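run_6.csv follows; it contains CSV, C-alpha atoms.
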chain,number,residue,atom,x,y,z
A,1,MET,CA,2.5,-10.6,-9.6
A,2,ASN,CA,-0.4,-13.0,-8.9
A,3,ARG,CA,-4.1,-12.5,-9.8
A,4,ILE,CA,-5.2,-11.1,-6.4
A,5,GLU,CA,-2.3,-8.6,-6.5
A,6,VAL,CA,-3.5,-7.4,-9.9
A,7,HIS,CA,-7.0,-7.0,-8.5
A,8,LEU,CA,-5.5,-5.0,-5.5
A,9,TRP,CA,-3.9,-2.6,-8.0
A,10,VAL,CA,-7.3,-2.2,-9.8
A,11,ALA,CA,-8.8,-1.7,-6.3
A,12,ALA,CA,-6.3,1.1,-5.7
A,13,ILE,CA,-7.2,2.9,-8.8
A,14,LEU,CA,-10.9,2.6,-8.0
A,15,GLN,CA,-10.4,3.9,-4.5
A,16,TRP,CA,-8.6,7.0,-5.9
A,17,LEU,CA,-11.6,7.5,-8.2
A,18,VAL,CA,-14.0,7.2,-5.2
A,19,ALA,CA,-11.7,9.6,-3.3
A,20,SER,CA,-11.9,12.1,-6.1
A,21,SER,CA,-15.7,11.9,-5.9
A,22,ASN,CA,-15.6,12.9,-2.2
A,23,VAL,CA,-13.8,16.2,-2.5
A,24,GLN,CA,-16.5,17.9,-0.4
A,25,ASN,CA,-15.2,16.0,2.6
A,26,ILE,CA,-11.5,16.2,2.8
A,27,TYR,CA,-11.3,13.7,5.7
A,28,ILE,CA,-13.1,11.0,3.6
A,29,MET,CA,-11.1,11.9,0.5
A,30,THR,CA,-7.8,11.6,2.3
A,31,THR,CA,-8.7,8.4,4.0
A,32,VAL,CA,-9.9,6.6,0.9
A,33,ALA,CA,-6.9,7.9,-1.1
A,34,MET,CA,-4.7,6.4,1.6
A,35,PHE,CA,-6.5,3.1,1.1
A,36,GLY,CA,-5.5,3.4,-2.5
A,37,ILE,CA,-1.8,4.1,-1.7
A,38,VAL,CA,-1.7,1.1,0.7
A,39,SER,CA,-3.2,-1.1,-1.9
A,40,ILE,CA,-0.5,-0.2,-4.4
A,41,VAL,CA,2.6,0.2,-2.1
A,42,PHE,CA,1.8,-2.8,0.2
A,43,THR,CA,0.1,-5.2,-2.3
A,44,PRO,CA,1.9,-8.3,-1.1
A,45,GLU,CA,1.2,-7.5,2.5
A,46,LEU,CA,-2.6,-7.0,1.8
A,47,ALA,CA,-2.6,-10.2,-0.2
A,48,GLY,CA,-1.6,-12.1,3.0
A,49,GLY,CA,2.0,-11.3,3.4
A,50,SER,CA,1.8,-9.8,6.9
A,51,ALA,CA,-0.5,-9.8,9.9
A,52,LEU,CA,-1.1,-6.1,9.6
A,53,GLY,CA,-1.8,-6.4,5.8
A,54,ARG,CA,-4.3,-9.1,6.6
A,55,PHE,CA,-6.0,-6.9,9.2
A,56,LEU,CA,-6.2,-4.1,6.6
A,57,SER,CA,-7.7,-6.4,4.0
A,58,ASP,CA,-10.3,-7.6,6.6
A,59,PHE,CA,-11.1,-4.0,7.5
A,60,LEU,CA,-11.4,-2.8,3.9
A,61,ALA,CA,-13.7,-5.7,3.0
A,62,ILE,CA,-16.0,-4.7,5.9
A,63,PHE,CA,-15.6,-1.0,5.1
A,64,TRP,CA,-16.7,-1.4,1.4
A,65,GLY,CA,-19.3,-4.0,2.4
A,66,GLY,CA,-20.8,-1.4,4.6
A,67,ARG,CA,-20.8,1.1,1.8
A,68,ILE,CA,-22.8,-1.4,-0.4
A,69,ILE,CA,-25.5,-1.6,2.4
A,70,ILE,CA,-25.6,2.2,2.6
A,71,GLN,CA,-26.0,2.4,-1.2
A,72,LEU,CA,-28.7,-0.2,-1.4
A,73,PHE,CA,-30.8,0.5,1.7
A,74,PHE,CA,-30.0,4.0,3.0
A,75,TYR,CA,-29.9,6.3,0.0
A,76,ASP,CA,-33.2,7.6,-1.1
A,77,GLN,CA,-34.8,5.3,-3.7
A,78,GLU,CA,-36.2,8.3,-5.7
A,79,VAL,CA,-32.7,9.9,-6.0
A,80,LYS,CA,-31.3,6.6,-7.2
A,81,ARG,CA,-34.0,6.2,-9.7
A,82,SER,CA,-33.3,9.6,-11.1
A,83,ARG,CA,-29.6,8.8,-11.5
A,84,PRO,CA,-29.6,5.1,-12.4
A,85,ILE,CA,-26.2,5.0,-14.2
A,86,ALA,CA,-24.4,6.8,-11.3
A,87,ASN,CA,-26.1,4.5,-8.9
A,88,LEU,CA,-25.0,1.4,-10.8
A,89,VAL,CA,-21.4,2.6,-11.3
A,90,PHE,CA,-21.1,3.3,-7.5
A,91,LEU,CA,-22.7,0.0,-6.6
A,92,ALA,CA,-20.5,-2.0,-9.0
A,93,THR,CA,-17.4,-0.2,-7.7
A,94,PHE,CA,-18.3,-0.9,-4.0
A,95,ILE,CA,-19.1,-4.6,-4.8
A,96,TYR,CA,-15.8,-5.0,-6.7
A,97,LEU,CA,-13.8,-3.4,-3.8
A,98,CYS,CA,-15.6,-5.4,-1.2
A,99,GLY,CA,-15.1,-8.6,-3.3
A,100,VAL,CA,-11.3,-8.0,-3.9
A,101,PHE,CA,-10.6,-7.4,-0.2
A,102,ALA,CA,-12.9,-10.3,0.9
A,103,VAL,CA,-11.1,-12.7,-1.4
A,104,ALA,CA,-7.8,-11.5,0.0
A,105,CYS,CA,-9.2,-12.1,3.5
A,106,LEU,CA,-10.5,-15.6,2.7
A,107,ARG,CA,-7.3,-16.5,0.9
A,108,HIS,CA,-5.1,-15.9,3.9
A,109,ASN,CA,-7.7,-17.1,6.4
A,110,ARG,CA,-8.0,-20.5,4.7
B,1,MET,CA,21.4,6.2,29.3
B,2,PRO,CA,18.5,6.0,26.8
B,3,ILE,CA,15.0,6.4,28.2
B,4,ALA,CA,12.9,3.3,27.8
B,5,ILE,CA,9.6,4.4,26.4
B,6,PRO,CA,6.6,2.1,27.2
B,7,TRP,CA,5.4,2.0,23.6
B,8,HIS,CA,3.1,-0.9,24.1
B,9,GLY,CA,1.3,0.7,27.0
B,10,LEU,CA,1.1,4.1,25.2
B,11,LEU,CA,-0.4,2.5,22.1
B,12,VAL,CA,-3.0,0.4,24.1
B,13,GLY,CA,-3.9,3.6,26.0
B,14,ALA,CA,-4.2,5.6,22.8
B,15,GLY,CA,-6.4,2.8,21.4
B,16,ALA,CA,-8.6,2.8,24.5
B,17,ALA,CA,-8.9,6.6,24.3
B,18,GLN,CA,-10.1,6.3,20.7
B,19,LEU,CA,-12.6,3.6,21.6
B,20,ILE,CA,-14.0,5.9,24.4
B,21,LEU,CA,-14.1,8.7,21.8
B,22,VAL,CA,-16.0,6.4,19.4
B,23,VAL,CA,-18.6,5.6,22.1
B,24,ALA,CA,-18.9,9.3,23.3
B,25,SER,CA,-19.2,10.6,19.7
B,26,LEU,CA,-22.5,8.7,19.4
B,27,ALA,CA,-23.9,11.5,21.6
B,28,ILE,CA,-22.6,14.3,19.3
B,29,PRO,CA,-25.7,14.4,17.0
B,30,ARG,CA,-28.0,14.9,20.0
B,31,PHE,CA,-25.8,17.5,21.7
B,32,LEU,CA,-25.4,19.6,18.5
B,33,ASN,CA,-29.0,19.0,17.3
B,34,TRP,CA,-27.9,17.5,14.0
B,35,LYS,CA,-31.4,16.1,13.3
B,36,GLY,CA,-33.0,19.5,13.5
B,37,ASP,CA,-30.2,21.2,11.4
B,38,LEU,CA,-30.0,18.4,8.8
B,39,ALA,CA,-33.8,18.4,8.3
B,40,LYS,CA,-33.4,21.6,6.3
B,41,LEU,CA,-31.2,19.9,3.7
B,42,ARG,CA,-32.2,18.0,0.6
B,43,PRO,CA,-32.6,14.2,1.3
B,44,LEU,CA,-29.5,13.3,-0.8
B,45,THR,CA,-27.3,15.9,0.9
B,46,ARG,CA,-28.5,14.7,4.3
B,47,GLN,CA,-27.8,11.1,3.5
B,48,VAL,CA,-24.4,11.9,2.1
B,49,PHE,CA,-23.6,13.7,5.4
B,50,TRP,CA,-24.7,10.7,7.5
B,51,THR,CA,-22.6,8.4,5.2
B,52,TYR,CA,-19.5,10.6,5.8
B,53,ALA,CA,-20.2,10.6,9.5
B,54,ALA,CA,-20.4,6.8,9.4
B,55,TYR,CA,-17.2,6.5,7.4
B,56,ILE,CA,-15.3,8.6,10.0
B,57,TRP,CA,-16.9,6.7,12.9
B,58,VAL,CA,-15.8,3.4,11.5
B,59,THR,CA,-12.3,4.7,10.7
B,60,ASN,CA,-11.9,5.9,14.3
B,61,LEU,CA,-13.3,2.6,15.6
B,62,SER,CA,-10.7,0.6,13.5
B,63,PHE,CA,-7.9,2.8,14.9
B,64,GLY,CA,-9.0,2.0,18.4
B,65,LEU,CA,-9.5,-1.7,17.7
B,66,VAL,CA,-6.1,-2.3,16.0
B,67,SER,CA,-4.3,-0.3,18.8
B,68,THR,CA,-5.9,-2.1,21.7
B,69,MET,CA,-6.5,-5.7,20.3
B,70,THR,CA,-3.4,-6.2,18.2
B,71,PRO,CA,-0.9,-3.5,19.2
B,72,GLN,CA,2.0,-5.7,18.2
B,73,LEU,CA,1.0,-5.2,14.5
B,74,LEU,CA,1.8,-1.5,14.9
B,75,LEU,CA,4.9,-2.0,16.9
B,76,ASP,CA,6.8,-4.4,14.6
B,77,ARG,CA,8.7,-1.6,12.9
B,78,SER,CA,7.7,-2.8,9.4
B,79,PRO,CA,7.2,-0.3,6.6
B,80,LEU,CA,3.5,-1.0,6.6
B,81,ALA,CA,3.3,-0.4,10.4
B,82,GLY,CA,5.2,2.9,9.9
B,83,PHE,CA,2.8,3.9,7.1
B,84,VAL,CA,-0.3,3.2,9.1
B,85,CYS,CA,1.0,5.0,12.1
B,86,SER,CA,2.0,8.0,9.9
B,87,PHE,CA,-1.6,8.1,8.5
B,88,ILE,CA,-3.1,8.0,12.0
B,89,ALA,CA,-0.7,10.7,13.3
B,90,VAL,CA,-1.5,13.0,10.3
B,91,TYR,CA,-5.3,12.2,10.7
B,92,TRP,CA,-5.3,13.4,14.3
B,93,ALA,CA,-2.9,16.3,13.7
B,94,ALA,CA,-5.3,17.5,10.9
B,95,ARG,CA,-8.1,17.2,13.4
B,96,VAL,CA,-6.4,19.7,15.7
B,97,VAL,CA,-5.8,22.1,12.8
B,98,ILE,CA,-9.5,21.8,11.8
B,99,GLN,CA,-10.6,22.5,15.4
B,100,PHE,CA,-8.8,25.9,15.4
B,101,GLY,CA,-8.4,26.8,11.8
B,102,TYR,CA,-11.7,25.7,10.2
B,103,PHE,CA,-14.5,25.3,12.6
B,104,ASP,CA,-16.6,28.4,13.3
B,105,ARG,CA,-16.5,28.3,17.1
B,106,THR,CA,-18.5,31.5,17.6
B,107,ASP,CA,-21.7,29.4,17.3
B,108,ALA,CA,-20.4,26.6,19.5
B,109,PRO,CA,-22.5,25.6,22.5
B,110,LYS,CA,-21.6,27.7,25.6
B,111,GLY,CA,-21.1,26.7,29.2
B,112,ARG,CA,-18.5,25.1,31.4
B,113,PHE,CA,-19.4,21.6,30.2
B,114,PHE,CA,-18.7,22.3,26.6
B,115,VAL,CA,-15.6,24.3,27.3
B,116,LEU,CA,-14.1,21.4,29.3
B,117,GLY,CA,-15.3,19.0,26.6
B,118,GLU,CA,-13.5,20.9,23.9
B,119,ARG,CA,-10.3,21.1,26.0
B,120,ALA,CA,-10.4,17.3,26.7
B,121,LEU,CA,-11.0,16.6,23.0
B,122,VAL,CA,-8.1,18.8,21.8
B,123,THR,CA,-5.8,17.3,24.5
B,124,LEU,CA,-6.8,13.9,23.2
B,125,PHE,CA,-6.1,14.8,19.6
B,126,VAL,CA,-2.7,16.2,20.5
B,127,GLY,CA,-1.9,13.2,22.6
B,128,LEU,CA,-2.8,10.8,19.8
B,129,THR,CA,-0.7,12.8,17.3
B,130,ILE,CA,2.3,12.5,19.7
B,131,VAL,CA,1.9,8.8,20.4
B,132,TYR,CA,1.4,7.8,16.7
B,133,GLY,CA,4.0,10.3,15.6
B,134,GLY,CA,6.4,8.7,18.1
B,135,LEU,CA,5.7,5.3,16.7
B,136,VAL,CA,6.5,6.6,13.2
B,137,ALA,CA,9.9,7.9,14.5
B,138,ARG,CA,10.4,4.6,16.2
B,139,ALA,CA,9.6,2.6,13.1
B,140,PHE,CA,12.3,4.5,11.2
B,141,GLY,CA,14.8,3.9,14.0
B,142,ALA,CA,14.7,7.4,15.5
B,143,LEU,CA,13.5,6.4,19.0
B,144,GLY,CA,14.3,3.5,21.3
B,145,ARG,CA,12.5,0.2,21.5
In C-alpha coordinates, what does this structure look like?
Amino acid sequence: MNRIEVHLWVAAILQWLVASSNVQNIYIMTTVAMFGIVSIVFTPELAGGSALGRFLSDFLAIFWGGRIIIQLFFYDQEVKRSRPIANLVFLATFIYLCGVFAVACLRHNR
Amino acid sequence: MPIAIPWHGLLVGAGAAQLILVVASLAIPRFLNWKGDLAKLRPLTRQVFWTYAAYIWVTNLSFGLVSTMTPQLLLDRSPLAGFVCSFIAVYWAARVVIQFGYFDRTDAPKGRFFVLGERALVTLFVGLTIVYGGLVARAFGALGR
(Lines of atoms letter the chains of each structure in order from A and count residues from 1; the text may use other names and numbers.)
(Lines give C-alpha, C1' and ligand atoms only; values in the text may rest on other atoms or scores of the structure.)
Protein backbone atom coordinates (compact mmCIF):
# COMPACT_ATOMS: atom_id res chain seq x y z
CA MET A 1 0.00 0.00 0.00
CA ASN A 2 1.48 3.39 -0.98
CA ARG A 3 1.33 6.63 0.97
CA ILE A 4 -1.80 8.07 -0.68
CA GLU A 5 -3.67 4.81 -0.03
CA VAL A 6 -2.75 5.00 3.67
CA HIS A 7 -4.10 8.57 3.75
CA LEU A 8 -7.30 7.38 2.03
CA TRP A 9 -7.77 4.84 4.85
CA VAL A 10 -7.30 7.61 7.43
CA ALA A 11 -9.77 9.69 5.39
CA ALA A 12 -12.26 6.83 5.59
CA ILE A 13 -12.05 6.75 9.39
CA LEU A 14 -12.38 10.54 9.61
CA GLN A 15 -15.41 10.43 7.32
CA TRP A 16 -17.06 7.86 9.61
CA LEU A 17 -16.38 10.18 12.55
CA VAL A 18 -17.92 13.09 10.64
CA ALA A 19 -20.87 10.83 9.76
CA SER A 20 -21.36 9.97 13.44
CA SER A 21 -21.49 13.69 14.25
CA ASN A 22 -24.39 14.11 11.82
CA VAL A 23 -26.86 11.64 13.32
CA GLN A 24 -29.57 14.31 13.32
CA ASN A 25 -29.67 14.10 9.54
CA ILE A 26 -29.79 10.50 8.39
CA TYR A 27 -29.32 11.46 4.74
CA ILE A 28 -26.04 13.25 5.40
CA MET A 29 -24.88 10.59 7.86
CA THR A 30 -25.47 7.80 5.34
CA THR A 31 -23.88 9.71 2.47
CA VAL A 32 -20.73 10.57 4.41
CA ALA A 33 -20.53 7.02 5.82
CA MET A 34 -20.73 5.76 2.23
CA PHE A 35 -17.79 8.00 1.32
CA GLY A 36 -15.87 6.25 4.12
CA ILE A 37 -16.80 2.80 2.80
CA VAL A 38 -15.72 3.76 -0.74
CA SER A 39 -12.42 5.10 0.59
CA ILE A 40 -11.68 1.76 2.31
CA VAL A 41 -13.08 -0.75 -0.19
CA PHE A 42 -12.00 1.03 -3.37
CA THR A 43 -8.75 2.65 -2.21
CA PRO A 44 -6.70 1.78 -5.35
CA GLU A 45 -9.48 3.10 -7.61
CA LEU A 46 -9.69 6.41 -5.71
CA ALA A 47 -5.90 6.68 -5.84
CA GLY A 48 -6.14 6.80 -9.63
CA GLY A 49 -6.81 3.19 -10.59
CA SER A 50 -10.05 3.81 -12.50
CA ALA A 51 -11.89 6.66 -14.20
CA LEU A 52 -14.85 6.44 -11.80
CA GLY A 53 -12.45 6.36 -8.84
CA ARG A 54 -10.77 9.51 -10.16
CA PHE A 55 -14.19 11.17 -10.58
CA LEU A 56 -15.01 10.31 -6.95
CA SER A 57 -11.68 11.71 -5.72
CA ASP A 58 -12.34 14.94 -7.62
CA PHE A 59 -15.87 15.12 -6.25
CA LEU A 60 -14.76 14.45 -2.66
CA ALA A 61 -12.03 17.09 -2.85
CA ILE A 62 -14.64 19.65 -3.97
CA PHE A 63 -17.19 18.39 -1.43
CA TRP A 64 -14.81 18.73 1.54
CA GLY A 65 -13.35 21.95 0.12
CA GLY A 66 -16.85 23.40 0.16
CA ARG A 67 -17.22 22.29 3.75
CA ILE A 68 -14.06 24.27 4.68
CA ILE A 69 -15.58 27.40 3.13
CA ILE A 70 -18.82 26.84 5.05
CA GLN A 71 -16.91 26.35 8.30
CA LEU A 72 -14.76 29.46 7.75
CA PHE A 73 -17.22 31.93 6.31
CA PHE A 74 -20.80 30.77 6.89
CA TYR A 75 -21.00 29.57 10.48
CA ASP A 76 -21.58 32.28 13.06
CA GLN A 77 -18.28 33.72 14.35
CA GLU A 78 -19.68 34.04 17.87
CA VAL A 79 -20.64 30.37 17.98
CA LYS A 80 -17.16 29.38 16.75
CA ARG A 81 -15.52 31.61 19.36
CA SER A 82 -17.59 29.97 22.09
CA ARG A 83 -16.47 26.48 20.93
CA PRO A 84 -12.89 27.04 19.71
CA ILE A 85 -11.68 23.45 20.09
CA ALA A 86 -14.66 21.93 18.26
CA ASN A 87 -14.22 24.54 15.55
CA LEU A 88 -10.53 23.72 15.14
CA VAL A 89 -11.12 19.94 15.13
CA PHE A 90 -13.79 20.25 12.45
CA LEU A 91 -11.70 22.64 10.38
CA ALA A 92 -8.59 20.44 10.60
CA THR A 93 -10.65 17.37 9.64
CA PHE A 94 -12.15 19.07 6.59
CA ILE A 95 -8.75 20.44 5.50
CA TYR A 96 -7.20 16.99 5.83
CA LEU A 97 -10.03 15.32 3.88
CA CYS A 98 -9.94 17.96 1.14
CA GLY A 99 -6.14 17.68 1.01
CA VAL A 100 -6.07 13.88 0.70
CA PHE A 101 -8.61 13.77 -2.11
CA ALA A 102 -7.02 16.82 -3.81
CA VAL A 103 -3.65 15.06 -3.77
CA ALA A 104 -5.30 11.93 -5.22
CA CYS A 105 -6.82 14.13 -7.99
CA LEU A 106 -3.55 15.92 -8.76
CA ARG A 107 -1.62 12.65 -8.71
CA HIS A 108 -3.73 11.07 -11.43
CA ASN A 109 -4.30 14.29 -13.39
CA ARG A 110 -0.54 14.90 -13.78
CA MET B 1 -34.97 -13.62 -27.31
CA PRO B 2 -33.57 -11.36 -24.57
CA ILE B 3 -34.84 -7.78 -24.53
CA ALA B 4 -32.18 -5.17 -25.24
CA ILE B 5 -32.45 -2.54 -22.54
CA PRO B 6 -31.17 0.91 -23.59
CA TRP B 7 -29.10 1.41 -20.46
CA HIS B 8 -27.12 4.33 -21.83
CA GLY B 9 -30.23 6.29 -22.73
CA LEU B 10 -31.95 5.43 -19.46
CA LEU B 11 -28.94 6.56 -17.45
CA VAL B 12 -28.51 9.82 -19.34
CA GLY B 13 -32.26 10.44 -18.95
CA ALA B 14 -32.04 9.74 -15.22
CA GLY B 15 -29.10 12.12 -14.96
CA ALA B 16 -30.96 14.85 -16.84
CA ALA B 17 -33.98 14.37 -14.56
CA GLN B 18 -31.74 14.78 -11.51
CA LEU B 19 -30.24 17.96 -12.96
CA ILE B 20 -33.76 19.34 -13.55
CA LEU B 21 -34.59 18.40 -9.96
CA VAL B 22 -31.46 20.19 -8.76
CA VAL B 23 -32.45 23.39 -10.59
CA ALA B 24 -36.11 23.13 -9.52
CA SER B 25 -35.17 22.48 -5.89
CA LEU B 26 -33.66 25.95 -5.70
CA ALA B 27 -37.27 27.19 -5.56
CA ILE B 28 -38.23 24.95 -2.60
CA PRO B 29 -37.07 27.36 0.14
CA ARG B 30 -39.33 30.08 -1.28
CA PHE B 31 -42.32 27.76 -1.88
CA LEU B 32 -42.14 26.34 1.64
CA ASN B 33 -41.19 29.64 3.30
CA TRP B 34 -38.01 28.26 4.84
CA LYS B 35 -36.68 31.75 5.55
CA GLY B 36 -39.64 32.62 7.75
CA ASP B 37 -39.72 29.25 9.48
CA LEU B 38 -35.96 29.08 10.05
CA ALA B 39 -35.85 32.61 11.47
CA LYS B 40 -37.35 31.15 14.66
CA LEU B 41 -34.32 28.86 15.18
CA ARG B 42 -31.03 29.61 16.94
CA PRO B 43 -28.34 30.83 14.46
CA LEU B 44 -26.24 27.65 14.75
CA THR B 45 -29.23 25.36 14.19
CA ARG B 46 -30.28 27.47 11.21
CA GLN B 47 -26.78 27.37 9.73
CA VAL B 48 -26.50 23.60 10.26
CA PHE B 49 -29.83 23.19 8.45
CA TRP B 50 -28.60 25.23 5.45
CA THR B 51 -25.34 23.26 5.45
CA TYR B 52 -27.27 19.98 5.28
CA ALA B 53 -29.42 21.37 2.49
CA ALA B 54 -26.26 22.34 0.59
CA TYR B 55 -24.73 18.88 1.13
CA ILE B 56 -27.84 17.20 -0.29
CA TRP B 57 -28.04 19.63 -3.20
CA VAL B 58 -24.39 19.01 -4.15
CA THR B 59 -24.86 15.24 -3.82
CA ASN B 60 -27.88 15.33 -6.14
CA LEU B 61 -25.93 17.55 -8.56
CA SER B 62 -23.05 15.06 -8.65
CA PHE B 63 -25.44 12.17 -9.39
CA GLY B 64 -26.86 14.16 -12.29
CA LEU B 65 -23.46 15.20 -13.62
CA VAL B 66 -21.85 11.77 -13.53
CA SER B 67 -24.92 10.19 -15.16
CA THR B 68 -25.20 12.71 -18.01
CA MET B 69 -21.58 13.69 -18.64
CA THR B 70 -19.79 10.36 -18.08
CA PRO B 71 -22.44 7.59 -18.15
CA GLN B 72 -19.87 5.05 -19.33
CA LEU B 73 -18.28 5.21 -15.86
CA LEU B 74 -21.47 3.77 -14.35
CA LEU B 75 -22.03 1.33 -17.20
CA ASP B 76 -18.67 -0.46 -17.14
CA ARG B 77 -19.86 -3.26 -14.78
CA SER B 78 -16.94 -2.67 -12.41
CA PRO B 79 -17.45 -3.35 -8.68
CA LEU B 80 -17.06 0.39 -7.99
CA ALA B 81 -19.73 1.24 -10.59
CA GLY B 82 -22.00 -1.37 -9.00
CA PHE B 83 -21.39 0.11 -5.57
CA VAL B 84 -22.06 3.69 -6.69
CA CYS B 85 -25.27 2.64 -8.50
CA SER B 86 -26.35 0.70 -5.38
CA PHE B 87 -25.85 3.79 -3.27
CA ILE B 88 -27.82 6.01 -5.68
CA ALA B 89 -30.64 3.42 -5.88
CA VAL B 90 -30.88 3.16 -2.08
CA TYR B 91 -30.65 6.96 -1.77
CA TRP B 92 -33.74 7.48 -3.98
CA ALA B 93 -35.62 4.50 -2.55
CA ALA B 94 -35.10 5.98 0.90
CA ARG B 95 -36.49 9.26 -0.40
CA VAL B 96 -39.74 7.51 -1.39
CA VAL B 97 -39.99 5.91 2.06
CA ILE B 98 -39.35 9.30 3.69
CA GLN B 99 -42.06 10.92 1.55
CA PHE B 100 -44.75 8.55 2.80
CA GLY B 101 -43.38 7.28 6.11
CA TYR B 102 -41.73 10.29 7.69
CA PHE B 103 -42.97 13.63 6.32
CA ASP B 104 -46.00 15.08 8.05
CA ARG B 105 -48.07 15.81 4.95
CA THR B 106 -51.08 17.22 6.84
CA ASP B 107 -49.35 20.61 6.81
CA ALA B 108 -48.21 20.37 3.18
CA PRO B 109 -49.28 23.18 0.84
CA LYS B 110 -52.71 22.55 -0.68
CA GLY B 111 -53.87 22.94 -4.25
CA ARG B 112 -53.67 21.22 -7.59
CA PHE B 113 -50.19 22.57 -8.35
CA PHE B 114 -48.67 21.08 -5.20
CA VAL B 115 -50.53 17.76 -5.58
CA LEU B 116 -49.25 17.40 -9.14
CA GLY B 117 -45.79 18.45 -8.02
CA GLU B 118 -45.71 15.80 -5.31
CA ARG B 119 -46.90 13.11 -7.73
CA ALA B 120 -44.23 14.13 -10.25
CA LEU B 121 -41.56 14.03 -7.56
CA VAL B 122 -42.59 10.60 -6.26
CA THR B 123 -42.74 9.26 -9.83
CA LEU B 124 -39.25 10.63 -10.41
CA PHE B 125 -37.88 9.08 -7.20
CA VAL B 126 -39.39 5.69 -8.08
CA GLY B 127 -38.08 5.92 -11.65
CA LEU B 128 -34.57 6.77 -10.44
CA THR B 129 -34.67 3.85 -8.00
CA ILE B 130 -35.66 1.50 -10.84
CA VAL B 131 -32.99 2.76 -13.28
CA TYR B 132 -30.10 2.66 -10.79
CA GLY B 133 -31.42 -0.58 -9.26
CA GLY B 134 -31.44 -2.08 -12.76
CA LEU B 135 -27.86 -0.95 -13.26
CA VAL B 136 -26.89 -2.72 -10.04
CA ALA B 137 -28.51 -5.92 -11.30
CA ARG B 138 -26.74 -5.43 -14.63
CA ALA B 139 -23.38 -4.85 -12.93
CA PHE B 140 -23.78 -8.19 -11.20
CA GLY B 141 -24.74 -9.91 -14.43
CA ALA B 142 -28.46 -10.28 -13.77
CA LEU B 143 -29.62 -8.18 -16.73
CA GLY B 144 -28.57 -7.90 -20.33
CA ARG B 145 -26.04 -5.49 -21.79
Would you kindly return, as a ChimeraX atom specification, each protein, DNA or RNA residue with an atom no farther than 12 Å from any atom of Ser21 of chain A, considering all atoms listed in the file and excluding same-chain residues fewer than 6 positions away?
/A:14-15,28-30,32-33,86,90 /B:48
Which protein, DNA or RNA residues are at most 9 Å from (-12.1, 3.7, 8.5) in the file's coordinates when you count only C-alpha atoms, listed as a list in words?
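Applying the cut-off with only C-alpha atoms, one gets Ile28, Thr31, Val32, Phe59, Leu60 and Phe63 of chain A; Ala54, Tyr55, Ile56, Trp57, Val58, Thr59, Asn60, Leu61, Ser62 and Phe63 of chain B.
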Closest atom pairs, residues of chain B within 8 Å of chain A, only C-alpha atoms, as a Markdown table:
| residue | atom | partner | partner_atom | distance |
| --- | --- | --- | --- | --- |
| B:Pro43 | CA | A:Asp76 | CA | 7.0 |
| B:Leu44 | CA | A:Asp76 | CA | 6.8 |
| B:Gln47 | CA | A:Tyr75 | CA | 6.3 |
| B:Thr51 | CA | A:Ile70 | CA | 7.4 |
| B:Tyr52 | CA | A:Ile28 | CA | 6.8 |
| B:Tyr55 | CA | A:Ile28 | CA | 7.2 |
| B:Ile56 | CA | A:Ile28 | CA | 7.2 |
| B:Val58 | CA | A:Phe63 | CA | 7.8 |
| B:Ser62 | CA | A:Phe59 | CA | 7.6 |
| B:Leu73 | CA | A:Leu52 | CA | 5.4 |
| B:Leu74 | CA | A:Leu52 | CA | 7.6 |
| B:Leu80 | CA | A:Phe42 | CA | 6.9 |
| B:Ala81 | CA | A:Leu52 | CA | 7.2 |
| B:Phe87 | CA | A:Met34 | CA | 7.8 |
| B:Tyr91 | CA | A:Tyr27 | CA | 8.0 |
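Computed from the coordinates, the atom CA of Leu116 of chain B to atom CA of Ile20 of chain B distance equals 16.3 Å.
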When you draw a straight line from atom CA of Lys40 of chain B to atom CA of Gly65 of chain A, how long is it in Å?
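These atoms are spaced 29.5 Å apart.
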In Å, rounded to a single decimal, give me how far atom CA of Trp34 of chain B is from atom CA of Ser82 of chain A.
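Between atom CA of Ser82 of chain A and atom CA of Trp34 of chain B the gap is 26.9 Å.
With distances restricted to all atoms listed in the file, A:Ile40 is the closest residue to Glu5 of chain A from A:Leu88, A:Cys105, A:Ala61, A:Ile40.
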Polymer residues at most 7 Å from Ala47 of chain A, all atoms listed in the file, same-chain spacing of 4 or more positions, as an MDAnalysis selection string
chainID A and resid 4:5 43 104
Can you work out which one of B:Val23, B:Leu32, B:Ala14, B:Val136 has the shortest atom-to-atom distance to Val90 of chain B, counting only C-alpha atoms?
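When distances to Val90 of chain B are compared using only C-alpha atoms, the smallest one comes from B:Val136.
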